[in-house]
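Structure first, commentary second.
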Amino acid sequence: MKKLWKNCHIATMQNGQYSSIEHAAMVTSGQHIHWIGTFDDVPADAYSETIDLNGAWVTPGLIDCHTHSVFGGNRSVEFEKRLQGVSYAEIAASGGGIASTVRATREASEQQLLASALKRLRCLLKDGVTTIEIKSGYGLDYANERKMLRVIRQIAETLPMTVRSTCLAAHALPPEYQDQSDAYIEYICNDMLPKLHQEGLVDAVDAFCEYLAFSPAQVERVFKTAQSLNLPIKLHAEQLSSLGGSSLAARYQALSADHLEFMTEEDVKAMAAAGTVAVLLPGAFYFLRETQYPPLQSLQQHGVRIALSSDLNPGTSPALSLRLMMNMGSTLFRLTPEQTLAAVTLHAAHALGLQDTHGSLEQGKVADFVAWDIEHPSEIVYWLGGDLPKRIIQHGNEISI
């Protein structure tokens with residue numbers, strides 16, 4: 001059954017640019033785009049439905065390619081303490097920080113985790129997000145990582161979103177492995193990850209390469225295990241210090257390396273050669289009041305694809321709006337609105353390995369798009385907060401929120 005979507009303008013985002021079509025139309029067939037072009041060239045055909053988009057600007061559905069959306073509790077009280085002058089080290093020493101999220105996540109049932117995650121994710125869906133990546137990493141043992149990953153699969157069955165599941169068991173050291181980081185990495189590689197993969201719960205593998213998490217050598221062991229299981233790789237790298245994690249990710253043909261404030265020129269060159277996407281996370285940069293900027297000029301000079309994401313998590317980026325992150329990408333990181341829109345569509349699709357099916361509006365790709373009641377695509381980035389009037393289409397069907 002073919003549908004004709006007419007009376008619109010389309011920013012296709014082919015090649016990471018607006019690639020605009022004025023006075024446009026689109027034909028969808030089931031879940032896919034059958035044809036796209038100007039209204040004057042619409043194929044003569046029998047359409048089951050004709051939808052008037054009333055002059056809207058149509059873009060691909062937004063893609064949030066780095067989130068930690070499933071977790072127990074929240075850390076708003078810690079946020080208040082930090083603003084009152086209590087240091088993160090003091091909070092962590094008293095059982096706060098990521099340890100508090102691990103405790104709350106372990107204590108929560110699957111049903112509780114699902115219910116709380118859905119509240120957050122509906123905010124992102126309302127923002128125009130039709131594809132999302134969600135990481136585990138607050139369970140830190142087989143049973144609780146499995147619980148988180150099962151919830152991620154249930155989210156995919158509940159919301160009209162494409163959901164990718166990433167195992168981030170190498171996120172932090174669990175309390176039962178205190179001062180035994182090598183032993184914990186062995187547990188991940190020899191026991192946890194193979195089991196979770198065998199159960200069909202993992203689409204990709206991530207790790208946190210940082211002085212307060214895991215060393216490059218330890219991360220490489222996780223990468224080798226993922227590689228043996230034919231699982232794609234992602235990496236948290238160079239957020240707080242320069243350890244060469246992004247170069248390590250590039251050597252293993254990682255889909256993306258994320259954060260990257262402290263990456264070097266050599267890291268940039270390695271990622272460019274490997275085609276690894278740089279995922280920048282302005283929410284965490286803002287929330288932590290960072291002053292070290294990712295090397296935007298170098299990334300652009302060497303042709304590294306740049307994606308943006310919300311990094312939705314309870315500790316460093318409690319962000320419920322990808323559009324707000326887009327504005328931060330422009331105001332903080334100096335990306336143009338066009339570059340920013342590419343960063344949450346085509347480049348974000350590359351960061352998830354979905355570039356053949358998602359991220360731009362082209363014949364044969366999935367019919368995920370947003371019809372915005374705006375005068376120009378730059379408005380998606382320009383307006384701070386609020387709910388821009390829009391119609392959201394996922395897999396060729398308009399959804400209600």
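Each chain in the structure tokens gets a letter, A, B, ..., in the order shown, and its residues are numbered from 1; ligands are numbered from 1 in order too.
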At a cut-off of 12 Å, can you tabulate as a tab-separated table every residue of stretch 224-295 of chain A near stretch 338-352 of chain A together with its closest atom pair and the distance in Å to one decimal, using only C-alpha atoms and ordering rows by chain then number?
residue	atom	partner	partner_atom	distance
A:Leu231	CA	A:Leu352	CA	11.8
A:Pro232	CA	A:Leu352	CA	8.9
A:Ile233	CA	A:Leu352	CA	9.6
A:Lys234	CA	A:Ala351	CA	8.4
A:Leu235	CA	A:Ala351	CA	10.9
A:Gln253	CA	A:Ala351	CA	11.5
A:Ala254	CA	A:Ala351	CA	8.8
A:Leu255	CA	A:Ala351	CA	5.2
A:Ser256	CA	A:Ala351	CA	5.3
A:Ala257	CA	A:Ala351	CA	8.7
A:Asp258	CA	A:Ala351	CA	9.6
A:Gly275	CA	A:His350	CA	9.2
A:Thr276	CA	A:Ala351	CA	7.7
A:Val277	CA	A:Ala351	CA	5.6
A:Ala278	CA	A:Ala351	CA	8.0
A:Val279	CA	A:Ala351	CA	7.5
A:Leu280	CA	A:Ala343	CA	9.0
A:Leu281	CA	A:Ala343	CA	11.0
A:Pro282	CA	A:Thr340	CA	11.6
Item to check | All residues 8 Å or closer to stretch 198-213 of chain A, only C-alpha atoms, same chain fewer than 4 positions away omitted, as JSON, numbers by chain | outcome: {"A": [146, 149, 150, 153, 164, 165, 166, 167, 168, 169, 170, 171, 172, 173, 194, 219, 222, 223, 226, 231, 232, 233, 234, 235, 236, 237, 238, 239, 240, 241, 243, 245]}
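Shortest atom-to-atom contact with A:Ile21 among A:Val58, A:Ala46, A:Ala270, A:Leu320: A:Val58, counting only C-alpha atoms.
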Next on the checklist: Please compute the atom CA of A:Val370-atom CA of A:Leu388 distance, one decimal, in Å.
Outcome noted: 11.0 Å
Item to check | Proximity to A:Leu140 - best of A:Leu62, A:Leu193, A:Leu288, A:Leu53, only C-alpha atoms | outcome: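 Looking at the shortest contact to A:Leu140, the residue is A:Leu193.
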Checklist entry - Using only C-alpha atoms, which residue out of A:Glu22, A:Asp356, A:Glu133, A:Asp41 lies closest to A:Asp311? => result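 So, comparing all the options, the nearest one is A:Glu133.
Of note, atom CA of A:Gly16 and atom CA of A:Ala307 are spaced 10.5 Å apart.
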Checklist entry - Can you list, as a ChimeraX atom specification, every protein, DNA or RNA residue that comes within 7 Å of A:Leu312 when you count only C-alpha atoms, leaving out same-chain residues fewer than 3 positions away? => result /A:67-69,317-320
Next on the checklist: I need the residue nearest A:Tyr187 from this list: A:Asp141, A:Ile392, A:Leu124, A:Leu229. Use only C-alpha atoms for the distance.
Outcome noted: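 Nearest to A:Tyr187: A:Asp141.
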Next on the checklist: Give me the residues near A:Glu398 as a list in words, where near means some atom within 12 Å (using only C-alpha atoms) and where sequence neighbours in that chain fewer than 6 positions away do not count.
Outcome noted: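 Those residues are Lys3, Trp5, Thr28, Gln31, Ile51, Leu53, Gly61, Gly128, Thr130, Pro160, Ala367, Asp368, Phe369, Val370, Ala371, Lys390, Arg391 and Ile392 of chain A.
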Next on the checklist: I want to know what sits within 12 Å of A:Gln297, based on only C-alpha atoms, with residues of the same chain fewer than 3 positions away left out; could you give that as a VMD selection string?
Outcome noted: chain A and resid 264 to 265 268 293 to 294 300 to 304 306 333 to 335
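Residue nearest A:Ser100 within the list A:Tyr184, A:Trp57, A:Tyr138, A:Phe262: A:Tyr138 [criterion: smallest interatomic distance, only C-alpha atoms].
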Next on the checklist: Nearest residue to A:Asp52 out of A:Val151, A:Ile36, A:Met13, A:Leu4, using only C-alpha atoms?
Outcome noted: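 That would be A:Leu4, the residue with the smallest distance to A:Asp52.
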Checklist entry - Neighbours of A:Val163 within 7 Å (only C-alpha atoms; same-chain residues fewer than 3 positions away dropped), as a VMD selection string? => result chain A and resid 131 to 133 156
Checklist outcome for this item: One decimal place gives the atom CA of A:Thr316-atom CA of A:Phe285 separation as 8.4 Å
Polymer residues at most 8 Å from stretch 102-107 of chain A, only C-alpha atoms, same-chain spacing of 3 or more positions, as a CSV table (one decimal) with C-alpha atoms, in the first residue's frame:
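Generated output (result08.csv):
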chain,number,residue,atom,x,y,z
A,71,PHE,CA,18.6,3.2,35.3
A,72,GLY,CA,17.2,3.1,38.8
A,73,GLY,CA,16.7,6.2,40.9
A,98,ILE,CA,27.8,5.9,39.9
A,99,ALA,CA,27.8,3.5,42.9
A,113,LEU,CA,13.2,0.0,35.2
A,138,TYR,CA,24.7,0.1,35.8
A,139,GLY,CA,24.3,-3.6,36.6
A,140,LEU,CA,27.9,-4.7,36.5
A,144,ASN,CA,21.7,-7.1,36.5
